[in-house]
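J.: Here it is, the structure in full.
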Protein chains: 2
Amino acid sequence: MTLDDVAKRAGVSTATVSRVLNNSAVVRESTRKRVLTITEQFNYRPNRFAQGLAGGKTRTFGMIVSNIENPFFLDILHTLEETATQAGFELVYENTDYQPTRLAAAVDLMLARPLAGLAVVVSETEQRAVQRLTEWGRPVVVFDMDAKGDSITQIKTRYEKGMQRTVEYLNSLGHRRMAFVGHHGVLDPLRERENAFQRTVMRFPDVESATATSTDSPLGGRQAIHQLLASGFKPTAVICVNDFMAIGALRELRDAGLRVPKDVSVTGFDNIQLSEYLYPALTTVNLPRGRIAELIFQALNPSRDQARATHGQILIEPELVVRESTAPARQS
Amino acid sequence: MTLDDVAKRAGVSTATVSRVLNNSAVVRESTRKRVLTITEQFNYRPNRFAQGLAGGKTRTFGMIVSNIENPFFLDILHTLEETATQAGFELVYENTDYQPTRLAAAVDLMLARPLAGLAVVVSETEQRAVQRLTEWGRPVVVFDMDAKGDSITQIKTRYEKGMQRTVEYLNSLGHRRMAFVGHHGVLDPLRERENAFQRTVMRFPDVESATATSTDSPLGGRQAIHQLLASGFKPTAVICVNDFMAIGALRELRDAGLRVPKDVSVTGFDNIQLSEYLYPALTTVNLPRGRIAELIFQALNPSRDQARATHGQILIEPELVVRESTAPARQS
DNA sequence: TTGAAAGCGGTACCAG
DNA sequence: CTGGTACCGCTTTCAA
């Protein structure tokens with residue numbers, strides 16, 4: 001069933017059917033009704049490809065994420081998807097696994113589609129990809145990535161602030177040996193988290209620190225802790241780059257015979273839903289994913305009244321959420 | 001940059017460029033090179049809409065899931081996405097939230113796209129949607145859903161068997177008061193899990209049982225346990241419909257002052273990665289998501305040699321994975 | 001208020 | 001081995 005079929009059956013031209021379906025022009029009520037009856041009767045759906053080709057417009061957004069298995073990314077994707085669907089848009093996503101080459105490939109793929117807008121929520125970066133994004137004419141949102149351009153909206157979180165609050169809090173509990181568990185996000189934003197840790201720790205001269213790195217997953221968190229412990233460093237507090245890795249960290253610490261938080265405190269980052277279901281419930285830093293998704297949608301949506309209202313840079317303030325995985329350092 | 005631009009610059013026809021790009025016919029090496037040089041130089045990407053329209057073919061698969069937040073669905077989606085991408089396909093998904101109306105809408109949307117194939121991995125069902133799927137000419141895979149048709153592959157798991165093993169195991173540990181925690185999946189497959197529980201329990205005359213229902217999430221699991229406990233029923237073992245809900249169940253039991261597995265044993269279903277990171281690590285039933293994703297891809301992929309090799313019905317055997325959340329019932 | 005027709009950017013058949 | 005060209009299904013002027 002095509003537009004043409006519908007038109008024939010309704011005894012009108014394809015142009016009119018198109019008008020009815022898109023409310024793009026005033027059509028006499030009677031013909032309008034007639035057309036709608038037919039389309040419903042046959043459950044007609046316009047071919048998206050033809051629509052996209054002809055109109056040059058699309059109702060599809062794209063989103064690129066680093067690791068969809070990590071609830072942080074998944075939540076944003078999910079919320080954005082719901083919001084977009086509600087508004088009559090579709091969402092397609094690509095996963096990069098933190099690999100710059102995959103990021104570049106994903107951007108190329110997305111831009112070729114074409115799309116109405118693209119959200120790039122990744123922790124890695126890649127020159128050519130950024131280049132293409134800035135040259136692309138349509139709305140782009142980048143999260144924690146440096147890319148400037150006319151149609152680019154940047155959303156950033158103040159990791160450093162979140163990190164500071166975490167370290168300060170732990171320090172106030174008496175912790176003096178802290179370890180940072182990160183993952184192989186090779187570039188900026190991740191580094192930013194790690195750098196933030198380093199910088200913050202430096203401000204506490206009596207605090208010793210160490211770092212361990214692995215993949216972004218519970219298993220990675222587990223391995224990182226394993227390394228750390230094997231290295232001989234005995235932290236009284238472990239700061240994980242995110243909650244996802246903290247899950248594994250908690251497990252490995254327990255398996256190593258260390259009690260959390262009695263023997264060692266653990267913190268995460270992101271405040272994913274799971275974090276309060278862990279045992280012990282995780283002390284972490286909240287990053288409002290729902291709000292981030294909303295902001296992304298607003299920046300992407302072309303039918304904004306306050307066009308460009310959401311343009312430029314948006315800053316997200318992180319806040320510490322204290323739960324059960326942190327406690328005063330033991331006198332040792 | 002369009003095909004035409006490339007053709008002009010290379011001094012050939014659009015047909016030739018198309019041939020080169022698709023390896024669809026033999027082209028003289030020299031012209032082939034020339035064309036490729038241009039396309040790379042300008043980083044040309046064919047417009048997917050035009051391709052889809054013209055060819056009638058697509059390199060896009062669709063997947064519909066009930067709850068993408070549940071790692072069971074996410075894992076399948078993720079694996080399928082990777083596999084598909086590797087093979088040069090794209091994957092788009094829709095989430096239904098277990099709502100039949102959303103399932104119907106998702107199917108309509110997917111079929112209109114159009115796609116090269118569609119995977120429907122949901123726990124609900126809807127008449128019209130099933131109808132459309134069977135009438136659609138292209139490859140369809142349904143997981144745990146009843147839909148028969150020429151181009152439909154069905155993948156089913158033997159829930160009942162998994163459930164039996166679980167109940168038998170618990171019974172052998174001395175448990176006589178069991179509760180089932182399910183979610184509001186209104187139709188078949190979920191019911192199937194619950195029914196499987198009921199049927200299995202019936203075979204053990206001395207086993208008392210109860211059921212609680214909530215949403216498919218950790219929070220839901222928590223609430224279900226809350227209801228259960230409030231009802232006065234004191235189970236010595238709790239069987240959760242899936243691991244995702246078990247996460248919340250574990251938490252609520254702990255908050256209620258019950259120790260797992262000392263006071264009450266808990267089991268899940270699916271064997272999601274997280275299950276071994278929980279505390280205590282969850283006893284569950286393994287459902288091989290990677291393999292399921294592989295099977296789906298094979299059934300969907302049009303370029304199969306052993307065409308139809310994966311047709312008809314495929315059965316997945318579940319197996320019990322014993323971890324720490326189950327133990328002998330206490331003498332009470 | 002409606003119809004006719006020109007594309008949108010590819011694909012694939014038919015000649016040459 | 002390569003070019004010409006008729007579509008694919010829909011949107012959007014331009015006229016009527």
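Simple scheme: letters A, B, ... for chains in structure tokens order, numbers from 1 for residues in each chain, numbers from 1 for ligands in the order shown.
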Just want the 12 Å neighbourhood of Val27 (chain B), counted on only C-alpha atoms (C1' of nucleotides), with same-chain residues fewer than 4 positions away dropped. Output as a ChimeraX atom specification.
T.: /B:12,15-23,31-36 /D:1-2
J.: Least-squares align chain B to chain A using all Cα atoms paired by position, then dump the moved coordinates as a short mmCIF file (atom, residue, chain, number, x, y, z; two decimals) with C-alpha atoms, in the first residue's frame.
T.:
data_model
loop_
_atom_site.label_atom_id
_atom_site.label_comp_id
_atom_site.auth_asym_id
_atom_site.auth_seq_id
_atom_site.Cartn_x
_atom_site.Cartn_y
_atom_site.Cartn_z
CA MET B 1 0.08 0.13 -0.11
CA THR B 2 1.58 3.45 -1.17
CA LEU B 3 0.53 7.05 -1.08
CA ASP B 4 -0.61 6.66 -4.64
CA ASP B 5 -2.88 3.75 -3.82
CA VAL B 6 -4.45 5.72 -1.04
CA ALA B 7 -4.92 8.70 -3.33
CA LYS B 8 -6.61 6.61 -6.00
CA ARG B 9 -8.93 4.93 -3.57
CA ALA B 10 -9.89 8.24 -2.06
CA GLY B 11 -10.27 9.84 -5.42
CA VAL B 12 -7.83 12.63 -4.69
CA SER B 13 -4.27 13.48 -5.57
CA THR B 14 -1.19 12.32 -3.74
CA ALA B 15 -0.60 15.90 -2.76
CA THR B 16 -3.83 16.01 -0.86
CA VAL B 17 -3.20 12.77 0.92
CA SER B 18 0.18 14.06 1.93
CA ARG B 19 -1.42 17.22 3.24
CA VAL B 20 -3.88 15.29 5.31
CA LEU B 21 -1.26 13.03 6.77
CA ASN B 22 1.02 15.87 7.70
CA ASN B 23 -1.57 18.47 8.61
CA SER B 24 0.52 20.62 6.39
CA ALA B 25 -2.34 22.61 4.92
CA VAL B 26 -6.02 23.13 5.29
CA VAL B 27 -8.05 20.40 3.64
CA ARG B 28 -11.82 20.27 3.43
CA GLU B 29 -13.12 18.24 6.31
CA SER B 30 -15.01 15.82 4.11
CA THR B 31 -12.06 14.88 1.96
CA ARG B 32 -9.89 14.75 5.03
CA LYS B 33 -12.21 12.22 6.57
CA ARG B 34 -12.31 10.19 3.40
CA VAL B 35 -8.57 9.99 3.23
CA LEU B 36 -8.21 9.07 6.86
CA THR B 37 -10.77 6.33 6.51
CA ILE B 38 -8.76 4.75 3.74
CA THR B 39 -5.46 5.02 5.49
CA GLU B 40 -6.83 3.47 8.60
CA GLN B 41 -8.68 0.79 6.79
CA PHE B 42 -5.54 -0.35 5.07
CA ASN B 43 -3.37 0.56 8.00
CA TYR B 44 -1.24 2.57 5.68
CA ARG B 45 2.16 3.78 6.84
CA PRO B 46 4.29 6.10 4.77
CA ASN B 47 7.61 4.68 3.72
CA ARG B 48 10.18 6.40 5.88
CA PHE B 49 12.81 6.23 3.20
CA ALA B 50 10.66 8.02 0.72
CA GLN B 51 9.73 10.60 3.30
CA GLY B 52 13.29 11.20 4.21
CA LEU B 53 14.40 11.45 0.65
CA ALA B 54 11.66 13.74 -0.51
CA GLY B 55 11.37 16.03 2.43
CA GLY B 56 14.99 16.36 3.20
CA LYS B 57 13.72 16.31 6.74
CA THR B 58 13.65 13.49 9.16
CA ARG B 59 12.04 12.59 12.41
CA THR B 60 15.00 10.55 13.51
CA PHE B 61 17.58 11.43 16.09
CA GLY B 62 20.83 9.63 16.54
CA MET B 63 22.75 8.98 19.70
CA ILE B 64 26.26 7.67 20.14
CA VAL B 65 27.32 6.22 23.48
CA SER B 66 30.51 4.72 24.79
CA ASN B 67 29.13 1.74 26.63
CA ILE B 68 25.49 0.91 26.53
CA GLU B 69 25.90 -1.75 29.19
CA ASN B 70 26.72 0.95 31.68
CA PRO B 71 23.41 2.11 33.16
CA PHE B 72 24.56 5.69 33.04
CA PHE B 73 24.50 5.70 29.27
CA LEU B 74 21.55 3.38 29.07
CA ASP B 75 19.40 5.60 31.24
CA ILE B 76 20.06 8.61 29.08
CA LEU B 77 19.41 6.62 25.94
CA HIS B 78 16.24 5.16 27.36
CA THR B 79 14.82 8.44 28.57
CA LEU B 80 15.69 10.18 25.36
CA GLU B 81 14.08 7.39 23.41
CA GLU B 82 10.84 7.68 25.34
CA THR B 83 10.77 11.44 25.04
CA ALA B 84 11.57 11.32 21.36
CA THR B 85 8.96 8.66 20.65
CA GLN B 86 6.36 10.70 22.47
CA ALA B 87 7.15 13.61 20.25
CA GLY B 88 6.96 11.47 17.14
CA PHE B 89 10.66 11.02 16.64
CA GLU B 90 12.70 7.89 16.38
CA LEU B 91 16.04 7.25 17.94
CA VAL B 92 18.85 5.14 16.65
CA TYR B 93 22.02 4.54 18.58
CA GLU B 94 25.54 3.34 18.11
CA ASN B 95 27.93 1.98 20.67
CA THR B 96 31.62 2.80 20.53
CA ASP B 97 33.10 0.77 23.33
CA TYR B 98 35.30 3.78 24.08
CA GLN B 99 37.20 3.29 20.84
CA PRO B 100 37.98 6.46 18.91
CA THR B 101 37.92 4.63 15.60
CA ARG B 102 34.49 3.32 16.34
CA LEU B 103 33.41 6.80 17.30
CA ALA B 104 34.58 8.10 13.95
CA ALA B 105 32.79 5.32 12.13
CA ALA B 106 29.63 5.90 14.12
CA VAL B 107 29.62 9.59 13.33
CA ASP B 108 30.06 8.90 9.65
CA LEU B 109 27.24 6.42 9.70
CA MET B 110 24.95 8.74 11.57
CA LEU B 111 25.62 11.72 9.38
CA ALA B 112 24.95 9.70 6.27
CA ARG B 113 21.60 8.58 7.41
CA PRO B 114 20.57 11.49 7.52
CA LEU B 115 19.23 12.61 10.86
CA ALA B 116 17.36 15.50 12.36
CA GLY B 117 19.91 15.77 15.12
CA LEU B 118 22.64 13.85 16.87
CA ALA B 119 23.63 13.41 20.49
CA VAL B 120 27.16 12.33 21.23
CA VAL B 121 27.51 11.05 24.76
CA VAL B 122 30.93 9.50 24.86
CA SER B 123 34.05 9.58 26.93
CA GLU B 124 36.52 9.33 24.12
CA THR B 125 37.14 11.75 21.31
CA GLU B 126 38.42 11.76 17.78
CA GLN B 127 39.58 14.68 15.69
CA ARG B 128 37.97 13.93 12.37
CA ALA B 129 34.70 13.05 13.98
CA VAL B 130 34.57 16.31 15.89
CA GLN B 131 35.44 18.11 12.71
CA ARG B 132 32.53 16.55 10.86
CA LEU B 133 30.16 17.33 13.66
CA THR B 134 31.02 20.97 13.61
CA GLU B 135 30.62 21.12 9.87
CA TRP B 136 27.31 19.32 9.88
CA GLY B 137 24.48 21.80 9.75
CA ARG B 138 21.99 20.18 12.09
CA PRO B 139 21.61 20.21 15.85
CA VAL B 140 24.30 18.38 17.73
CA VAL B 141 24.62 17.85 21.44
CA VAL B 142 27.85 16.71 22.92
CA PHE B 143 28.12 15.55 26.47
CA ASP B 144 31.47 15.98 28.12
CA MET B 145 33.29 16.51 24.93
CA ASP B 146 34.93 19.54 23.52
CA ALA B 147 33.35 20.62 20.31
CA LYS B 148 32.28 24.08 19.45
CA GLY B 149 30.12 25.20 16.63
CA ASP B 150 27.09 27.09 15.61
CA SER B 151 24.63 24.28 15.97
CA ILE B 152 26.41 22.50 18.79
CA THR B 153 25.16 22.42 22.35
CA GLN B 154 27.58 21.33 24.99
CA ILE B 155 26.52 19.72 28.20
CA LYS B 156 29.19 19.37 30.79
CA THR B 157 29.29 18.15 34.32
CA ARG B 158 31.60 19.52 36.90
CA TYR B 159 33.36 16.32 37.66
CA GLU B 160 36.03 18.09 39.50
CA LYS B 161 33.51 19.47 41.90
CA GLY B 162 31.96 16.08 42.48
CA MET B 163 35.35 14.60 42.98
CA GLN B 164 36.30 17.30 45.41
CA ARG B 165 33.25 16.72 47.47
CA THR B 166 33.97 13.04 47.54
CA VAL B 167 37.57 13.40 48.56
CA GLU B 168 36.80 16.08 51.09
CA TYR B 169 34.10 13.96 52.59
CA LEU B 170 36.36 10.95 52.86
CA ASN B 171 39.12 13.05 54.26
CA SER B 172 36.78 14.42 56.87
CA LEU B 173 36.05 10.83 57.84
CA GLY B 174 39.73 10.39 58.52
CA HIS B 175 40.79 8.59 55.36
CA ARG B 176 44.40 9.16 54.39
CA ARG B 177 45.08 6.36 51.92
CA MET B 178 42.84 6.60 48.91
CA ALA B 179 42.77 4.68 45.67
CA PHE B 180 41.14 5.65 42.43
CA VAL B 181 39.63 2.99 40.19
CA GLY B 182 39.21 4.12 36.62
CA HIS B 183 38.73 2.62 33.21
CA HIS B 184 40.51 2.81 29.90
CA GLY B 185 38.75 5.84 28.58
CA VAL B 186 41.77 7.12 26.86
CA LEU B 187 40.81 10.70 26.40
CA ASP B 188 39.49 13.83 27.89
CA PRO B 189 36.48 13.32 30.07
CA LEU B 190 37.72 10.21 31.76
CA ARG B 191 41.07 11.65 32.18
CA GLU B 192 39.22 14.55 33.55
CA ARG B 193 37.80 12.40 36.27
CA GLU B 194 41.15 10.93 37.03
CA ASN B 195 42.89 14.24 36.81
CA ALA B 196 40.28 15.68 39.05
CA PHE B 197 41.14 13.02 41.55
CA GLN B 198 44.84 13.69 41.32
CA ARG B 199 44.43 17.40 41.59
CA THR B 200 42.09 17.16 44.49
CA VAL B 201 44.23 14.72 46.38
CA MET B 202 47.19 17.02 45.98
CA ARG B 203 45.43 19.55 48.08
CA PHE B 204 45.56 17.17 50.99
CA PRO B 205 49.29 16.71 51.59
CA ASP B 206 48.84 13.97 54.12
CA VAL B 207 46.79 11.80 51.80
CA GLU B 208 48.53 8.98 49.97
CA SER B 209 46.99 7.80 46.75
CA ALA B 210 47.16 5.15 44.07
CA THR B 211 45.35 4.42 40.85
CA ALA B 212 44.22 1.27 39.09
CA THR B 213 42.66 0.93 35.70
CA SER B 214 40.59 -1.67 33.90
CA THR B 215 37.56 -1.96 31.66
CA ASP B 216 34.28 -0.18 32.33
CA SER B 217 32.32 -3.04 33.84
CA PRO B 218 31.80 -4.79 37.14
CA LEU B 219 34.49 -7.22 36.09
CA GLY B 220 36.81 -4.32 35.44
CA GLY B 221 36.14 -2.94 38.88
CA ARG B 222 36.93 -6.27 40.34
CA GLN B 223 40.18 -6.59 38.44
CA ALA B 224 41.24 -3.09 39.33
CA ILE B 225 40.83 -3.86 43.01
CA HIS B 226 42.72 -7.06 42.53
CA GLN B 227 45.65 -5.18 41.01
CA LEU B 228 45.52 -2.60 43.69
CA LEU B 229 45.63 -5.07 46.50
CA ALA B 230 48.33 -7.08 44.77
CA SER B 231 50.44 -3.96 44.53
CA GLY B 232 50.62 -3.79 48.25
CA PHE B 233 48.84 -0.50 48.60
CA LYS B 234 46.22 -0.77 51.31
CA PRO B 235 43.68 1.95 50.80
CA THR B 236 41.17 2.82 53.46
CA ALA B 237 38.97 4.35 50.81
CA VAL B 238 38.38 3.48 47.17
CA ILE B 239 36.94 6.05 44.79
CA CYS B 240 35.51 4.49 41.68
CA VAL B 241 35.17 6.43 38.46
CA ASN B 242 31.57 5.27 38.25
CA ASP B 243 29.01 3.08 39.96
CA PHE B 244 29.21 0.40 37.32
CA MET B 245 32.79 -0.38 38.22
CA ALA B 246 32.06 0.07 41.90
CA ILE B 247 29.79 -2.96 41.72
CA GLY B 248 32.77 -5.14 40.96
CA ALA B 249 34.97 -3.31 43.40
CA LEU B 250 32.59 -4.06 46.24
CA ARG B 251 32.58 -7.69 45.32
CA GLU B 252 36.32 -8.08 45.09
CA LEU B 253 36.92 -6.29 48.35
CA ARG B 254 34.51 -8.61 50.05
CA ASP B 255 36.16 -11.64 48.48
CA ALA B 256 39.48 -10.35 49.71
CA GLY B 257 38.12 -10.46 53.20
CA LEU B 258 37.74 -6.73 53.60
CA ARG B 259 34.53 -5.39 55.01
CA VAL B 260 32.88 -2.34 53.48
CA PRO B 261 32.66 0.15 55.01
CA LYS B 262 34.30 -1.10 58.17
CA ASP B 263 37.70 -1.82 56.69
CA VAL B 264 37.48 0.22 53.57
CA SER B 265 35.06 2.82 52.28
CA VAL B 266 33.93 2.82 48.66
CA THR B 267 32.37 5.53 46.53
CA GLY B 268 31.02 5.61 43.03
CA PHE B 269 29.88 8.22 40.56
CA ASP B 270 26.64 8.63 38.58
CA ASN B 271 24.14 7.40 41.14
CA ILE B 272 22.65 4.72 38.91
CA GLN B 273 19.50 3.07 40.23
CA LEU B 274 21.38 -0.04 41.15
CA SER B 275 23.60 1.85 43.52
CA GLU B 276 21.02 1.86 46.25
CA TYR B 277 20.37 -1.84 45.85
CA LEU B 278 23.94 -2.85 46.32
CA TYR B 279 25.15 -4.14 49.61
CA PRO B 280 26.22 -1.99 51.14
CA ALA B 281 24.27 0.73 49.35
CA LEU B 282 26.74 2.87 47.54
CA THR B 283 27.82 6.37 48.46
CA THR B 284 28.08 8.15 45.16
CA VAL B 285 27.78 11.39 43.25
CA ASN B 286 24.51 12.07 41.55
CA LEU B 287 24.42 12.94 37.88
CA PRO B 288 20.81 13.64 36.86
CA ARG B 289 20.42 11.46 33.81
CA GLY B 290 16.77 12.22 33.31
CA ARG B 291 17.49 15.88 33.21
CA ILE B 292 20.43 15.38 30.90
CA ALA B 293 18.18 13.46 28.52
CA GLU B 294 15.61 16.25 28.66
CA LEU B 295 18.22 18.84 27.88
CA ILE B 296 19.46 16.79 24.99
CA PHE B 297 15.99 16.46 23.58
CA GLN B 298 15.33 20.14 23.87
CA ALA B 299 18.54 21.01 22.16
CA LEU B 300 17.87 18.52 19.40
CA ASN B 301 14.24 19.30 18.79
CA PRO B 302 13.97 21.55 15.78
CA SER B 303 10.51 22.80 16.67
CA ARG B 304 11.61 24.78 19.65
CA ASP B 305 9.87 28.07 20.19
CA GLN B 306 12.72 29.59 22.09
CA ALA B 307 14.96 28.50 19.34
CA ARG B 308 18.55 28.35 20.43
CA ALA B 309 17.33 28.76 23.98
CA THR B 310 19.31 25.71 24.90
CA HIS B 311 22.32 26.70 22.95
CA GLY B 312 25.87 27.01 23.99
CA GLN B 313 27.04 25.40 27.16
CA ILE B 314 25.06 23.83 29.92
CA LEU B 315 26.61 22.91 33.22
CA ILE B 316 25.43 20.14 35.46
CA GLU B 317 26.18 20.32 39.15
CA PRO B 318 26.98 16.99 40.73
CA GLU B 319 26.10 16.31 44.32
CA LEU B 320 27.28 13.80 46.82
CA VAL B 321 24.82 11.13 47.95
CA VAL B 322 25.93 9.47 51.13
CA ARG B 323 24.76 5.93 51.74
CA GLU B 324 26.20 2.95 53.50
CA SER B 325 29.47 2.23 51.77
CA THR B 326 31.43 4.93 53.51
CA ALA B 327 32.36 5.23 57.17
CA PRO B 328 35.06 6.75 59.35
CA ALA B 329 38.50 5.33 58.78
CA ARG B 330 39.58 2.78 61.31
CA GLN B 331 42.34 3.69 63.66
CA SER B 332 45.17 1.58 62.35
#
J.: Pick out each residue of region 45-233 of chain B that DSSP on the backbone tags as strand (DSSP E or B); I need them as a CSV table (one decimal) with N, CA and C atoms, in the first residue's frame.
T.:
chain,number,residue,atom,x,y,z
B,60,THR,N,19.0,-2.8,7.5
B,60,THR,CA,18.6,-2.4,8.8
B,60,THR,C,17.7,-3.5,9.4
B,61,PHE,N,18.0,-3.9,10.6
B,61,PHE,CA,17.2,-4.8,11.4
B,61,PHE,C,16.5,-4.1,12.5
B,62,GLY,N,15.4,-4.6,12.8
B,62,GLY,CA,14.6,-3.9,13.9
B,62,GLY,C,14.5,-4.9,15.1
B,63,MET,N,14.4,-4.4,16.3
B,63,MET,CA,14.2,-5.3,17.4
B,63,MET,C,13.3,-4.6,18.4
B,64,ILE,N,12.3,-5.3,18.9
B,64,ILE,CA,11.4,-4.8,19.8
B,64,ILE,C,11.6,-5.5,21.1
B,65,VAL,N,11.7,-4.8,22.2
B,65,VAL,CA,11.9,-5.4,23.5
B,65,VAL,C,10.9,-4.9,24.5
B,90,GLU,N,22.5,-2.3,10.4
B,90,GLU,CA,22.2,-1.4,11.5
B,90,GLU,C,21.0,-2.0,12.3
B,91,LEU,N,20.9,-1.6,13.5
B,91,LEU,CA,19.8,-2.1,14.3
B,91,LEU,C,19.1,-0.9,14.9
B,92,VAL,N,17.8,-1.0,14.9
B,92,VAL,CA,17.0,0.0,15.6
B,92,VAL,C,16.1,-0.7,16.5
B,93,TYR,N,15.8,-0.1,17.7
B,93,TYR,CA,15.0,-0.8,18.6
B,93,TYR,C,13.8,0.0,19.1
B,94,GLU,N,12.9,-0.7,19.6
B,94,GLU,CA,11.7,0.0,20.3
B,94,GLU,C,11.5,-0.7,21.6
B,95,ASN,N,11.0,0.1,22.6
B,95,ASN,CA,10.8,-0.5,23.9
B,95,ASN,C,9.2,-0.5,24.1
B,117,GLY,N,14.6,-7.2,8.4
B,117,GLY,CA,14.2,-8.3,9.3
B,117,GLY,C,13.8,-7.7,10.7
B,118,LEU,N,13.0,-8.4,11.4
B,118,LEU,CA,12.6,-7.9,12.7
B,118,LEU,C,12.6,-9.0,13.8
B,119,ALA,N,13.2,-8.6,14.9
B,119,ALA,CA,13.2,-9.5,16.1
B,119,ALA,C,12.3,-9.0,17.1
B,120,VAL,N,11.4,-9.8,17.6
B,120,VAL,CA,10.4,-9.4,18.6
B,120,VAL,C,10.7,-10.2,19.9
B,121,VAL,N,11.3,-9.5,20.8
B,121,VAL,CA,11.7,-10.2,22.1
B,121,VAL,C,10.9,-9.6,23.2
B,140,VAL,N,11.3,-12.8,10.3
B,140,VAL,CA,10.9,-12.3,11.7
B,140,VAL,C,11.3,-13.4,12.7
B,141,VAL,N,11.8,-12.9,13.8
B,141,VAL,CA,12.1,-13.9,14.9
B,141,VAL,C,11.3,-13.5,16.1
B,142,VAL,N,10.6,-14.4,16.6
B,142,VAL,CA,9.9,-14.1,17.9
B,142,VAL,C,10.5,-14.9,19.0
B,143,PHE,N,10.7,-14.3,20.1
B,143,PHE,CA,11.3,-15.0,21.2
B,143,PHE,C,10.1,-15.1,22.3
B,152,ILE,N,8.7,-16.9,9.7
B,152,ILE,CA,8.9,-16.6,11.1
B,152,ILE,C,9.7,-17.7,11.8
B,153,THR,N,10.7,-17.3,12.6
B,153,THR,CA,11.5,-18.3,13.4
B,153,THR,C,11.1,-18.1,14.8
B,154,GLN,N,10.8,-19.1,15.5
B,154,GLN,CA,10.4,-19.0,16.9
B,154,GLN,C,11.6,-19.5,17.8
B,155,ILE,N,11.9,-18.7,18.8
B,155,ILE,CA,12.9,-19.2,19.7
B,155,ILE,C,12.2,-19.3,21.1
B,156,LYS,N,12.2,-20.4,21.7
B,156,LYS,CA,11.5,-20.6,22.9
B,156,LYS,C,12.5,-21.2,24.0
B,157,THR,N,12.2,-20.8,25.2
B,157,THR,CA,13.0,-21.4,26.3
B,157,THR,C,12.1,-22.3,27.1
B,177,ARG,N,7.9,-23.7,52.2
B,177,ARG,CA,7.1,-22.5,52.0
B,177,ARG,C,7.8,-21.6,51.0
B,178,MET,N,7.3,-21.6,49.8
B,178,MET,CA,7.9,-20.9,48.7
B,178,MET,C,7.0,-19.8,48.2
B,179,ALA,N,7.7,-18.7,47.8
B,179,ALA,CA,6.9,-17.5,47.2
B,179,ALA,C,7.5,-17.2,45.9
B,180,PHE,N,6.6,-16.8,45.0
B,180,PHE,CA,7.0,-16.5,43.6
B,180,PHE,C,6.8,-15.0,43.5
B,181,VAL,N,7.9,-14.3,43.0
B,181,VAL,CA,7.8,-12.9,42.7
B,181,VAL,C,7.8,-12.7,41.2
B,182,GLY,N,6.7,-12.1,40.7
B,182,GLY,CA,6.6,-11.9,39.3
B,182,GLY,C,6.3,-10.5,38.9
B,183,HIS,N,6.2,-10.2,37.7
B,183,HIS,CA,5.9,-8.8,37.3
B,183,HIS,C,4.6,-8.8,36.4
B,208,GLU,N,3.8,-25.2,50.6
B,208,GLU,CA,2.9,-24.1,50.5
B,208,GLU,C,3.4,-23.0,49.6
B,209,SER,N,2.6,-22.3,49.0
B,209,SER,CA,3.1,-21.2,48.1
B,209,SER,C,2.3,-20.0,48.1
B,210,ALA,N,2.9,-18.9,47.7
B,210,ALA,CA,2.2,-17.6,47.6
B,210,ALA,C,2.9,-16.9,46.4
B,211,THR,N,2.2,-15.8,45.9
B,211,THR,CA,2.7,-15.1,44.8
B,211,THR,C,2.5,-13.6,45.0
B,212,ALA,N,3.5,-12.8,44.5
B,212,ALA,CA,3.4,-11.4,44.7
B,212,ALA,C,3.8,-10.8,43.3
B,213,THR,N,3.2,-9.7,43.0
B,213,THR,CA,3.5,-9.1,41.6
B,213,THR,C,3.8,-7.7,41.7
B,214,SER,N,4.7,-7.2,40.9
B,214,SER,CA,5.0,-5.8,40.8
B,214,SER,C,5.6,-5.5,39.5
J.: Could I get the residues of chain C with an atom no further than 9 Å from an atom of chain B, each paired with its nearest atom pair and that distance in Å to one decimal, using only C-alpha atoms (C1' of nucleotides), sorted by chain and residue number, as a Markdown table?
T.:
| residue | atom | partner | partner_atom | distance |
| --- | --- | --- | --- | --- |
| C:DC8 | C1' | B:Ala50 | CA | 7.7 |
| C:DG9 | C1' | B:Ala50 | CA | 4.9 |
| C:DG10 | C1' | B:Ala50 | CA | 4.8 |
| C:DT11 | C1' | B:Gly55 | CA | 5.1 |
| C:DA12 | C1' | B:Gly55 | CA | 8.2 |
J.: Counting only C-alpha atoms (C1' of nucleotides), collect the residues of chain D whose closest atom lies at most 6 Å from chain A, and write them out as a PyMOL selection string.
T.: chain D and resi 9-11
J.: As a PyMOL selection string, which residues of region 29-199 of chain B does DSSP assign to helix (DSSP H, G or I)?
T.: chain B and resi 29-41+48-55+71-86+100-111+127-135+159-172+188-199
J.: At what distance in Å, to one decimal, does C1' of DT5 (chain D) lie from C1' of DA15 (chain C)?
T.: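 Atom-to-atom, C1' of DA15 (chain C) to C1' of DT5 (chain D), that is 10.9 Å.
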J.: How many Å separate C1' of DA6 (chain C) from C1' of DT13 (chain D)?
T.: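 About the pair C1' of DA6 (chain C) and C1' of DT13 (chain D): they are 8.7 Å apart.
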